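Trainee: So that you have it, the file is work.txt, and it contains compact mmCIF, C-alpha atoms:
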```txt
# COMPACT_ATOMS: atom_id res chain seq x y z
CA MET A 1 -10.60 -21.91 -4.05
CA LYS A 2 -12.46 -19.31 -6.04
CA LEU A 3 -11.78 -15.69 -6.92
CA TYR A 4 -14.48 -13.03 -6.68
CA ASP A 5 -13.52 -10.85 -9.59
CA LEU A 6 -14.34 -7.44 -11.06
CA PRO A 7 -12.98 -7.63 -14.62
CA PRO A 8 -12.25 -3.90 -15.29
CA SER A 9 -10.67 -3.23 -11.87
CA PRO A 10 -6.89 -2.71 -11.95
CA ASN A 11 -6.57 -4.40 -8.55
CA ALA A 12 -8.47 -7.46 -9.73
CA ARG A 13 -6.29 -7.49 -12.85
CA ARG A 14 -3.16 -7.59 -10.68
CA VAL A 15 -4.41 -10.84 -9.16
CA ARG A 16 -5.44 -12.36 -12.51
CA ILE A 17 -2.02 -11.65 -14.03
CA PHE A 18 -0.35 -13.09 -10.91
CA ILE A 19 -2.45 -16.27 -11.18
CA ALA A 20 -1.57 -16.59 -14.87
CA GLU A 21 2.16 -16.15 -14.17
CA LYS A 22 1.94 -18.92 -11.54
CA GLY A 23 0.15 -21.22 -13.97
CA LEU A 24 -2.69 -21.69 -11.48
CA ASP A 25 -6.25 -22.43 -12.49
CA ILE A 26 -8.66 -20.77 -10.07
CA PRO A 27 -12.36 -20.45 -10.90
CA LYS A 28 -13.59 -16.86 -11.08
CA VAL A 29 -16.96 -15.45 -10.04
CA THR A 30 -17.71 -12.04 -11.54
CA VAL A 31 -19.37 -9.70 -9.04
CA ASP A 32 -21.74 -7.23 -10.71
CA MET A 33 -21.40 -3.93 -8.85
CA ALA A 34 -24.06 -2.29 -11.02
CA LYS A 35 -26.56 -4.81 -9.62
CA GLY A 36 -25.26 -4.23 -6.09
CA GLU A 37 -23.94 -7.79 -5.80
CA ASN A 38 -21.03 -6.49 -3.69
CA ARG A 39 -23.42 -5.04 -1.08
CA THR A 40 -25.44 -8.18 -0.35
CA PRO A 41 -25.13 -9.68 3.17
CA GLU A 42 -23.49 -12.76 1.62
CA TYR A 43 -20.80 -10.73 -0.09
CA LEU A 44 -20.23 -8.39 2.85
CA ALA A 45 -19.58 -11.48 4.99
CA ARG A 46 -16.68 -12.21 2.60
CA ASN A 47 -15.39 -8.62 2.65
CA SER A 48 -17.09 -6.09 4.90
CA LEU A 49 -15.72 -3.30 2.70
CA GLY A 50 -17.64 -4.68 -0.30
CA LYS A 51 -14.56 -4.60 -2.53
CA MET A 52 -13.15 -6.99 -5.09
CA PRO A 53 -11.09 -9.13 -5.52
CA VAL A 54 -11.59 -11.68 -2.76
CA LEU A 55 -10.05 -15.16 -2.69
CA GLU A 56 -12.27 -17.71 -0.95
CA LEU A 57 -10.48 -20.82 0.27
CA ASP A 58 -12.13 -24.23 0.36
CA ASP A 59 -12.79 -23.92 4.11
CA GLY A 60 -14.61 -20.61 3.56
CA THR A 61 -11.75 -18.36 4.72
CA CYS A 62 -11.81 -15.17 2.67
CA ILE A 63 -8.74 -13.10 1.81
CA ALA A 64 -9.34 -9.58 0.53
CA GLU A 65 -6.79 -7.05 -0.79
CA SER A 66 -5.05 -7.92 -4.03
CA VAL A 67 -1.50 -8.10 -2.65
CA ALA A 68 -2.62 -10.26 0.30
CA ILE A 69 -4.11 -12.69 -2.22
CA CYS A 70 -0.90 -12.66 -4.27
CA ARG A 71 1.22 -13.34 -1.17
CA TYR A 72 -0.99 -16.27 -0.22
CA LEU A 73 -0.63 -17.71 -3.73
CA GLU A 74 3.15 -17.13 -3.64
CA GLU A 75 3.39 -19.37 -0.57
CA LEU A 76 1.07 -21.95 -2.12
CA GLN A 77 2.97 -22.04 -5.42
CA PRO A 78 6.49 -20.63 -4.89
CA GLU A 79 7.61 -21.02 -8.52
CA PRO A 80 8.31 -18.78 -10.32
CA PRO A 81 9.09 -16.43 -7.40
CA LEU A 82 7.25 -13.15 -7.98
CA PHE A 83 8.12 -11.54 -4.61
CA GLY A 84 11.90 -12.00 -4.79
CA ARG A 85 14.46 -14.74 -4.23
CA ASP A 86 16.29 -13.89 -1.00
CA ARG A 87 16.01 -11.50 1.94
CA VAL A 88 17.45 -8.42 0.24
CA ASP A 89 15.76 -9.22 -3.05
CA ARG A 90 12.39 -9.65 -1.32
CA ALA A 91 12.85 -6.27 0.39
CA ARG A 92 13.68 -4.69 -2.98
CA VAL A 93 10.59 -6.20 -4.63
CA GLU A 94 8.40 -4.99 -1.76
CA MET A 95 9.94 -1.51 -2.05
CA TRP A 96 9.31 -1.37 -5.78
CA ASN A 97 5.84 -2.85 -5.56
CA ARG A 98 4.92 -0.15 -3.06
CA ARG A 99 6.51 2.57 -5.17
CA MET A 100 4.53 1.37 -8.19
CA GLU A 101 1.35 1.33 -6.12
CA HIS A 102 1.79 4.70 -4.41
CA GLU A 103 3.52 6.67 -7.18
CA LEU A 104 1.70 5.18 -10.20
CA LEU A 105 -1.40 3.10 -9.54
CA LEU A 106 -3.09 5.13 -6.79
CA PRO A 107 -2.73 8.48 -8.63
CA MET A 108 -3.90 6.84 -11.89
CA ILE A 109 -7.01 5.66 -10.04
CA GLY A 110 -7.33 9.21 -8.65
CA VAL A 111 -7.36 10.64 -12.18
CA PHE A 112 -9.94 8.07 -13.26
CA VAL A 113 -12.31 8.46 -10.32
CA HIS A 114 -12.15 12.26 -10.21
CA THR A 115 -12.13 13.18 -13.90
CA HIS A 116 -13.78 10.35 -15.85
CA GLU A 117 -17.39 10.42 -16.98
CA PHE A 118 -17.91 6.89 -15.63
CA TRP A 119 -17.74 8.08 -12.01
CA LYS A 120 -19.77 11.28 -12.47
CA ASP A 121 -22.91 10.05 -10.72
CA LEU A 122 -21.20 7.56 -8.42
CA VAL A 123 -18.90 9.77 -6.32
CA GLU A 124 -18.47 13.44 -5.53
CA GLN A 125 -15.77 14.20 -8.08
CA ASN A 126 -13.03 16.69 -7.22
CA ALA A 127 -11.62 17.64 -10.63
CA ALA A 128 -8.77 19.70 -9.16
CA TRP A 129 -7.66 16.67 -7.16
CA GLY A 130 -7.87 14.49 -10.25
CA GLU A 131 -5.73 16.96 -12.20
CA SER A 132 -3.13 17.09 -9.44
CA CYS A 133 -2.99 13.28 -9.54
CA ARG A 134 -2.46 13.57 -13.31
CA ASP A 135 0.45 16.01 -12.89
CA ASN A 136 1.94 13.82 -10.17
CA VAL A 137 1.78 10.55 -12.09
CA THR A 138 3.00 12.18 -15.30
CA ALA A 139 6.13 13.31 -13.42
CA LYS A 140 6.53 9.85 -11.92
CA LEU A 141 6.49 8.17 -15.34
CA ALA A 142 9.48 10.35 -16.26
CA TRP A 143 11.18 9.38 -12.98
CA LEU A 144 10.53 5.69 -13.65
CA ASP A 145 11.92 5.96 -17.17
CA GLY A 146 15.19 7.15 -15.64
CA GLU A 147 15.19 4.41 -13.01
CA LEU A 148 14.74 1.72 -15.67
CA ASP A 149 17.95 2.67 -17.44
CA GLY A 150 19.90 -0.58 -17.89
CA ARG A 151 17.20 -2.74 -16.29
CA ASP A 152 14.74 -5.09 -17.97
CA PHE A 153 12.21 -5.13 -15.14
CA ILE A 154 11.08 -2.84 -12.34
CA ALA A 155 12.70 -4.37 -9.25
CA ASN A 156 15.54 -6.55 -10.54
CA ASP A 157 16.39 -8.95 -13.38
CA ASP A 158 13.16 -10.91 -13.02
CA TYR A 159 9.57 -10.11 -13.79
CA THR A 160 7.91 -9.63 -10.37
CA VAL A 161 4.75 -8.40 -8.70
CA ALA A 162 6.17 -4.86 -9.02
CA ASP A 163 5.97 -5.18 -12.82
CA ILE A 164 2.39 -6.39 -12.50
CA THR A 165 1.42 -3.35 -10.42
CA ALA A 166 3.17 -0.98 -12.81
CA GLN A 167 1.62 -2.51 -15.91
CA CYS A 168 -1.89 -2.29 -14.39
CA ALA A 169 -1.20 1.37 -13.63
CA VAL A 170 0.00 2.14 -17.16
CA LEU A 171 -3.02 0.30 -18.60
CA MET A 172 -5.36 2.37 -16.41
CA GLY A 173 -3.54 5.48 -17.65
CA LYS A 174 -4.62 4.70 -21.20
CA ALA A 175 -8.26 5.13 -20.12
CA VAL A 176 -7.58 8.64 -18.80
CA GLY A 177 -5.04 9.94 -21.30
CA VAL A 178 -1.89 9.56 -19.20
CA ARG A 179 0.55 7.82 -21.51
CA VAL A 180 4.20 6.84 -21.65
CA ALA A 181 5.86 9.64 -23.65
CA ASP A 182 7.54 8.89 -26.98
CA ASP A 183 10.95 9.86 -25.63
CA GLN A 184 10.66 7.55 -22.59
CA ALA A 185 12.60 4.77 -24.30
CA ASN A 186 13.28 2.65 -21.22
CA LEU A 187 9.67 2.68 -20.13
CA SER A 188 8.46 1.98 -23.67
CA ALA A 189 10.79 -1.01 -24.00
CA TRP A 190 9.65 -2.29 -20.59
CA TRP A 191 5.99 -1.92 -21.63
CA ASP A 192 6.62 -3.93 -24.82
CA ARG A 193 8.44 -6.55 -22.74
CA VAL A 194 5.70 -7.05 -20.13
CA THR A 195 2.77 -6.88 -22.53
CA ALA A 196 4.37 -9.54 -24.74
CA ARG A 197 3.87 -12.03 -21.90
CA PRO A 198 0.75 -14.23 -22.25
CA SER A 199 -0.30 -13.21 -18.72
CA ALA A 200 -0.89 -9.62 -19.89
CA ARG A 201 -4.22 -10.70 -21.35
CA ALA A 202 -5.46 -12.24 -18.06
CA MET B 1 22.72 -0.89 9.55
CA LYS B 2 21.36 2.58 10.06
CA LEU B 3 17.94 4.13 9.69
CA TYR B 4 17.43 7.49 7.99
CA ASP B 5 14.59 8.84 10.06
CA LEU B 6 12.08 11.70 10.03
CA PRO B 7 10.76 11.79 13.61
CA PRO B 8 7.26 13.28 13.03
CA SER B 9 6.46 11.13 9.96
CA PRO B 10 3.85 8.41 10.57
CA ASN B 11 5.65 6.11 8.13
CA ALA B 12 8.96 6.54 9.94
CA ARG B 13 7.13 5.91 13.23
CA ARG B 14 5.82 2.60 11.87
CA VAL B 15 9.41 1.45 11.41
CA ARG B 16 10.58 2.74 14.82
CA ILE B 17 7.74 0.91 16.61
CA PHE B 18 8.51 -2.24 14.60
CA ILE B 19 12.21 -2.04 15.58
CA ALA B 20 11.25 -1.57 19.25
CA GLU B 21 8.89 -4.58 19.15
CA LYS B 22 11.70 -6.70 17.70
CA GLY B 23 14.10 -5.53 20.41
CA LEU B 24 16.58 -4.40 17.76
CA ASP B 25 19.04 -1.58 18.27
CA ILE B 26 19.56 0.29 14.99
CA PRO B 27 21.29 3.69 14.93
CA LYS B 28 19.11 6.49 13.56
CA VAL B 29 20.13 9.47 11.47
CA THR B 30 17.58 12.29 11.48
CA VAL B 31 17.14 13.86 8.04
CA ASP B 32 16.23 17.55 8.22
CA MET B 33 13.78 18.24 5.41
CA ALA B 34 13.60 21.94 6.29
CA LYS B 35 17.30 22.18 5.45
CA GLY B 36 16.77 20.15 2.25
CA GLU B 37 18.89 17.25 3.51
CA ASN B 38 16.59 14.83 1.68
CA ARG B 39 17.32 16.49 -1.68
CA THR B 40 21.13 16.29 -1.61
CA PRO B 41 22.81 14.06 -4.22
CA GLU B 42 24.00 11.79 -1.37
CA TYR B 43 20.50 11.27 -0.03
CA LEU B 44 18.89 10.90 -3.47
CA ALA B 45 21.39 8.11 -4.17
CA ARG B 46 19.82 6.30 -1.18
CA ASN B 47 16.24 7.02 -2.27
CA SER B 48 15.65 8.81 -5.55
CA LEU B 49 12.21 9.88 -4.28
CA GLY B 50 13.86 11.80 -1.41
CA LYS B 51 11.58 10.21 1.18
CA MET B 52 12.16 8.83 4.64
CA PRO B 53 12.59 6.30 6.20
CA VAL B 54 15.44 4.45 4.49
CA LEU B 55 17.33 1.50 5.97
CA GLU B 56 20.96 1.39 4.87
CA LEU B 57 22.63 -2.00 5.22
CA ASP B 58 26.31 -2.40 6.05
CA ASP B 59 27.17 -3.06 2.39
CA GLY B 60 25.47 0.19 1.36
CA THR B 61 22.27 -1.38 0.03
CA CYS B 62 19.37 0.97 0.74
CA ILE B 63 15.80 -0.13 1.38
CA ALA B 64 13.10 2.52 1.15
CA GLU B 65 9.37 2.20 1.94
CA SER B 66 8.43 1.55 5.55
CA VAL B 67 6.79 -1.84 5.04
CA ALA B 68 9.70 -3.07 2.91
CA ILE B 69 12.03 -2.17 5.79
CA CYS B 70 9.77 -3.97 8.26
CA ARG B 71 9.66 -7.09 6.09
CA TYR B 72 13.44 -7.13 5.84
CA LEU B 73 13.72 -6.86 9.63
CA GLU B 74 11.09 -9.61 10.08
CA GLU B 75 13.32 -12.00 8.12
CA LEU B 76 16.44 -10.87 10.02
CA GLN B 77 14.78 -11.25 13.43
CA PRO B 78 11.72 -13.52 13.12
CA GLU B 79 10.67 -13.31 16.78
CA PRO B 80 8.15 -12.11 17.74
CA PRO B 81 6.38 -12.63 14.40
CA LEU B 82 4.74 -9.35 13.39
CA PHE B 83 3.61 -10.46 9.91
CA GLY B 84 1.73 -13.62 10.97
CA ARG B 85 2.54 -17.20 11.93
CA ASP B 86 1.42 -19.40 9.01
CA ARG B 87 0.26 -19.05 5.41
CA VAL B 88 -3.34 -18.07 6.13
CA ASP B 89 -2.35 -15.94 9.12
CA ARG B 90 0.25 -14.10 7.04
CA ALA B 91 -2.37 -13.42 4.35
CA ARG B 92 -4.74 -12.10 7.03
CA VAL B 93 -2.07 -9.80 8.48
CA GLU B 94 -1.23 -8.49 5.00
CA MET B 95 -4.93 -7.90 4.32
CA TRP B 96 -5.40 -5.98 7.55
CA ASN B 97 -2.17 -4.04 7.22
CA ARG B 98 -3.32 -2.88 3.79
CA ARG B 99 -6.79 -2.05 5.05
CA MET B 100 -5.27 0.02 7.86
CA GLU B 101 -3.01 1.77 5.37
CA HIS B 102 -5.61 2.47 2.69
CA GLU B 103 -8.70 3.05 4.84
CA LEU B 104 -7.05 4.85 7.78
CA LEU B 105 -3.48 6.04 7.34
CA LEU B 106 -3.60 7.41 3.78
CA PRO B 107 -6.80 9.42 4.33
CA MET B 108 -5.45 10.71 7.68
CA ILE B 109 -2.37 11.94 5.81
CA GLY B 110 -4.74 13.43 3.19
CA VAL B 111 -6.53 15.43 5.91
CA PHE B 112 -3.20 16.60 7.33
CA VAL B 113 -1.58 17.62 4.05
CA HIS B 114 -4.68 19.33 2.61
CA THR B 115 -6.13 21.09 5.67
CA HIS B 116 -3.29 21.70 8.14
CA GLU B 117 -1.48 25.02 8.46
CA PHE B 118 1.89 23.20 8.39
CA TRP B 119 1.53 22.35 4.68
CA LYS B 120 0.07 25.69 3.57
CA ASP B 121 3.20 26.96 1.81
CA LEU B 122 4.61 23.53 0.92
CA VAL B 123 1.93 22.05 -1.34
CA GLU B 124 -1.07 23.22 -3.30
CA GLN B 125 -3.72 22.37 -0.72
CA ASN B 126 -7.12 21.12 -1.87
CA ALA B 127 -9.34 21.69 1.17
CA ALA B 128 -12.34 19.91 -0.36
CA TRP B 129 -10.19 16.82 -0.90
CA GLY B 130 -8.92 17.05 2.67
CA GLU B 131 -12.49 17.22 3.98
CA SER B 132 -13.58 14.24 1.89
CA CYS B 133 -10.63 12.30 3.37
CA ARG B 134 -11.88 13.38 6.82
CA ASP B 135 -15.42 12.10 6.12
CA ASN B 136 -14.04 8.87 4.72
CA VAL B 137 -11.71 8.08 7.60
CA THR B 138 -14.32 9.06 10.19
CA ALA B 139 -16.67 6.48 8.66
CA LYS B 140 -13.87 3.91 8.60
CA LEU B 141 -13.15 4.35 12.32
CA ALA B 142 -16.80 3.38 12.95
CA TRP B 143 -16.38 0.37 10.64
CA LEU B 144 -13.20 -0.68 12.44
CA ASP B 145 -14.88 -0.38 15.83
CA GLY B 146 -17.43 -2.94 14.63
CA GLU B 147 -14.76 -5.23 13.20
CA LEU B 148 -12.85 -5.24 16.52
CA ASP B 149 -15.81 -6.69 18.42
CA GLY B 150 -14.44 -9.68 20.35
CA ARG B 151 -10.86 -9.14 19.17
CA ASP B 152 -7.89 -7.73 21.08
CA PHE B 153 -5.85 -6.79 18.01
CA ILE B 154 -6.49 -5.77 14.41
CA ALA B 155 -5.63 -8.91 12.45
CA ASN B 156 -5.78 -11.77 14.95
CA ASP B 157 -4.91 -12.60 18.60
CA ASP B 158 -1.43 -11.14 18.33
CA TYR B 159 -0.11 -7.63 18.07
CA THR B 160 1.10 -7.29 14.45
CA VAL B 161 2.27 -4.77 11.87
CA ALA B 162 -1.43 -4.06 11.16
CA ASP B 163 -1.78 -2.68 14.71
CA ILE B 164 1.32 -0.55 14.17
CA THR B 165 -0.15 0.96 10.99
CA ALA B 166 -3.50 1.59 12.66
CA GLN B 167 -1.97 3.19 15.75
CA CYS B 168 0.17 5.54 13.61
CA ALA B 169 -3.00 6.51 11.74
CA VAL B 170 -4.97 7.21 14.92
CA LEU B 171 -2.05 9.21 16.31
CA MET B 172 -1.92 11.29 13.12
CA GLY B 173 -5.68 11.83 13.50
CA LYS B 174 -5.12 13.58 16.82
CA ALA B 175 -3.14 16.28 14.97
CA VAL B 176 -6.07 17.00 12.65
CA GLY B 177 -9.06 16.51 14.94
CA VAL B 178 -10.16 13.07 13.74
CA ARG B 179 -10.63 11.10 16.96
CA VAL B 180 -11.98 7.77 18.12
CA ALA B 181 -15.54 8.55 19.27
CA ASP B 182 -16.54 8.05 22.91
CA ASP B 183 -19.03 5.34 21.98
CA GLN B 184 -16.46 3.34 19.97
CA ALA B 185 -15.69 1.06 22.90
CA ASN B 186 -13.81 -1.64 20.97
CA LEU B 187 -11.54 0.86 19.28
CA SER B 188 -10.97 2.75 22.54
CA ALA B 189 -10.00 -0.46 24.35
CA TRP B 190 -7.69 -1.41 21.48
CA TRP B 191 -6.06 2.05 21.60
CA ASP B 192 -5.43 1.73 25.36
CA ARG B 193 -4.00 -1.76 24.75
CA VAL B 194 -1.53 -0.77 22.01
CA THR B 195 -0.43 2.52 23.57
CA ALA B 196 0.36 0.73 26.87
CA ARG B 197 3.16 -1.11 25.06
CA PRO B 198 6.62 0.41 25.57
CA SER B 199 7.09 0.46 21.77
CA ALA B 200 4.37 3.11 21.44
CA ARG B 201 6.86 5.75 22.54
CA ALA B 202 9.43 4.78 19.86
```
Take the structure I supplied and represent it as structure tokens, if you would.

Mentor:
Amino acid sequence: MKLYDLPPSPNARRVRIFIAEKGLDIPKVTVDMAKGENRTPEYLARNSLGKMPVLELDDGTCIAESVAICRYLEELQPEPPLFGRDRVDRARVEMWNRRMEHELLLPMIGVFVHTHEFWKDLVEQNAAWGESCRDNVTAKLAWLDGELDGRDFIANDDYTVADITAQCAVLMGKAVGVRVADDQANLSAWWDRVTARPSARA
Amino acid sequence: MKLYDLPPSPNARRVRIFIAEKGLDIPKVTVDMAKGENRTPEYLARNSLGKMPVLELDDGTCIAESVAICRYLEELQPEPPLFGRDRVDRARVEMWNRRMEHELLLPMIGVFVHTHEFWKDLVEQNAAWGESCRDNVTAKLAWLDGELDGRDFIANDDYTVADITAQCAVLMGKAVGVRVADDQANLSAWWDRVTARPSARA
């Protein structure tokens, strides 16, 4: 197996943290978007959308989409379980992973793409959209702080893929000035808890 | 079990089609957003985001997020498998379900929310964002038509949750004038194939 990686991408980071939590050792190939390496015929045969990450299996099968890669690795290496332990728990982890993706990560990416200098010449920025993403995700951090009351992790008592998605979102927020507020004690404690794990540096 | 439903919502439709494909009979409770039924303390205790659908289990456990509900039902009633048949197949279905969600359904919803009369007084519409979603999803329909060459269904030889997500996206497109083009023969044949299934009317 090998992982086609884009180091600064929050979606690629989700997979790298997941791999680290599983204790797997998977070689990584960095794809240089600036050089157009994701638009070559060879790469587009791996993922016709030209996105990273992609997991290539030894028989050449390619799996794109970060959560699809994580699910494949969960089946390959079930311990520790990062998608839940039983039917209800797995549904809860899926629910929370999707909430963290839709309420936190996607709007954080929206702020980044539509307001950050980096994207100025790469996309048609819509600053008003970026600012509405900022307002939305700022409100959702407050909501999440309330939800975390009495809980150590996002979905249940274990660290799961939902924590990984949330921590990649919060990390992306630091690049665009959307931060956990000082009075969000539950969220701050959770952030300290997840970033103390060795996998946070993956 | 009961399903808290919002009949016109594409996400609620995903779950209703899934339930029909599984041959399950789950009572539905329609939540009237216009009357604020999704903002009552009782409903917010089921889903603090006030969204539909929600599956309530007999012990009161509530599962929000359409795909989380579908995954729970897949484990409860494994036949026919709608999330894939083996490890690689399940990864492929997850990949395609996410592609259909992110490349088709979410931008279709973006067009609807930001350009349709229905949302005019409900949200701060950003017409330029809506139009960029329209351009994006129109291009992705062409991409999907190419991907479907030689295939009957989105992810593999079986009808799966990825087809359900795609068909809910295409149906939403009809409300906002984003349609499968006449020369997109693969996509047109796929649409005829999936809408001929009895579940399409769920």

Trainee: What does the distance from atom CA of Val29 of chain B to atom CA of Val67 of chain B come to in Å, to one decimal?

Mentor: 18.6 Å

Trainee: Between atom CA of Leu6 of chain B and atom CA of Met52 of chain B, what is the distance, to one decimal in Å?

Mentor: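 It comes out at 6.1 Å.
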
Trainee: Rank B:Phe112, B:Cys70, B:Asp121, B:Pro8 by their smallest atom-to-atom distance to Ala20 of chain B, using all atoms listed in the file, and report the top residue only.

Mentor: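 Among B:Phe112, B:Cys70, B:Asp121, B:Pro8, it is B:Cys70 that comes nearest to Ala20 of chain B.
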
Trainee: Nearest to Arg13 of chain B among B:Arg71, B:His114, B:Pro53, B:Gly177, with distances taken over all atoms listed in the file: which residue is it?

Mentor: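 Looking only at the distances to Arg13 of chain B, the closest residue turns out to be B:Pro53.
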
Trainee: Between atom CA of Asp152 of chain B and atom CA of Arg193 of chain B, what is the spacing in Å?

Mentor: 8.0 Å

Trainee: Counting all atoms listed in the file, which residues come within 12 Å of (-7.7, -11.5, 10.4), with the point read in the file's coordinates, and could you list them as a PyMOL selection string?

Mentor: (chain A and resi 46-47+61-64+68) or (chain B and resi 83-85+88-99+147-148+151-160+162-163)

Trainee: Of the candidates A:Asn11, A:Ser199, A:Ser132, A:Thr30, which shows the shortest atom-to-atom distance to chain B, using only C-alpha atoms?

Mentor: A:Ser132

Trainee: Pick from A:Ala128, A:Asp5, A:Asp183, A:Val123: nearest to Glu37 of chain A, with only C-alpha atoms counted?

Mentor: A:Asp5

Trainee: Using all atoms listed in the file, which of B:Ser66, B:Thr195, B:Asn186, B:Thr165 sits nearest chain A?

Mentor: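 Between B:Ser66, B:Thr195, B:Asn186, B:Thr165, the residue approaching chain A most closely is B:Ser66.
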
Trainee: What residues have an atom no more than 12 Å from (17.1, 15.6, 7.4) in the file's own frame, counting only C-alpha atoms, and can you write them as a list in words?

Mentor: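 Final list of nearby residues, as requested, is Leu3, Tyr4, Asp5, Leu6, Pro7, Pro8, Ser9, Lys28, Val29, Thr30, Val31, Asp32, Met33, Ala34, Lys35, Gly36, Glu37, Asn38, Arg39, Thr40, Glu42, Tyr43, Leu44, Gly50, Lys51, Met52, Pro53 and Val54 of chain B.
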
Trainee: Find the residue from B:Ile19, B:Ala169, B:Leu82, B:Leu106 that sits nearest to chain A; use all atoms listed in the file when measuring.

Mentor: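 Nearest candidate to chain A out of B:Ile19, B:Ala169, B:Leu82, B:Leu106: B:Leu106.
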
Trainee: If we count all atoms listed in the file, what is near Leu141 of chain A at a cut-off of 12 Å, once residues fewer than 5 positions away on the same chain are taken out, given as a PyMOL selection string?

Mentor: chain A and resi 99-100+103-105+107-108+134-136+146-148+166-167+169-170+173+178-188+191

Trainee: Could you rebuild segment 61-79 of chain B with N, CA and C atoms and give it back as a tab-separated table (two decimals), in the coordinates of the input?

Mentor:
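Once everything was written out, this is selection-v3.tsv:
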```tsv
chain	number	residue	atom	x	y	z
B	61	THR	N	23.60	-1.19	0.62
B	61	THR	CA	22.27	-1.38	0.03
B	61	THR	C	21.24	-0.56	0.81
B	62	CYS	N	20.38	0.15	0.08
B	62	CYS	CA	19.37	0.97	0.74
B	62	CYS	C	17.98	0.44	0.45
B	63	ILE	N	17.19	0.31	1.51
B	63	ILE	CA	15.80	-0.13	1.38
B	63	ILE	C	14.90	1.01	1.81
B	64	ALA	N	14.08	1.49	0.85
B	64	ALA	CA	13.10	2.52	1.15
B	64	ALA	C	11.73	1.86	1.31
B	65	GLU	N	10.74	2.64	1.72
B	65	GLU	CA	9.37	2.20	1.94
B	65	GLU	C	9.27	1.47	3.28
B	66	SER	N	8.47	2.04	4.16
B	66	SER	CA	8.43	1.55	5.55
B	66	SER	C	8.12	0.06	5.65
B	67	VAL	N	7.15	-0.42	4.90
B	67	VAL	CA	6.79	-1.84	5.04
B	67	VAL	C	7.87	-2.75	4.46
B	68	ALA	N	8.59	-2.29	3.44
B	68	ALA	CA	9.70	-3.07	2.91
B	68	ALA	C	10.80	-3.20	3.97
B	69	ILE	N	11.05	-2.12	4.70
B	69	ILE	CA	12.03	-2.17	5.79
B	69	ILE	C	11.57	-3.15	6.87
B	70	CYS	N	10.30	-3.07	7.24
B	70	CYS	CA	9.77	-3.97	8.26
B	70	CYS	C	9.87	-5.43	7.82
B	71	ARG	N	9.57	-5.71	6.57
B	71	ARG	CA	9.66	-7.09	6.09
B	71	ARG	C	11.10	-7.60	6.13
B	72	TYR	N	12.03	-6.74	5.78
B	72	TYR	CA	13.44	-7.13	5.84
B	72	TYR	C	13.81	-7.47	7.28
B	73	LEU	N	13.39	-6.63	8.22
B	73	LEU	CA	13.72	-6.86	9.63
B	73	LEU	C	13.01	-8.10	10.17
B	74	GLU	N	11.82	-8.39	9.67
B	74	GLU	CA	11.09	-9.61	10.08
B	74	GLU	C	11.90	-10.86	9.70
B	75	GLU	N	12.53	-10.83	8.54
B	75	GLU	CA	13.32	-12.00	8.12
B	75	GLU	C	14.62	-12.08	8.92
B	76	LEU	N	15.18	-10.92	9.26
B	76	LEU	CA	16.44	-10.87	10.02
B	76	LEU	C	16.20	-11.33	11.45
B	77	GLN	N	15.09	-10.97	12.02
B	77	GLN	CA	14.78	-11.25	13.43
B	77	GLN	C	13.32	-11.74	13.48
B	78	PRO	N	13.10	-13.04	13.27
B	78	PRO	CA	11.72	-13.52	13.12
B	78	PRO	C	10.85	-13.43	14.37
B	79	GLU	N	11.47	-13.34	15.56
B	79	GLU	CA	10.67	-13.31	16.78
B	79	GLU	C	10.59	-11.92	17.38
```
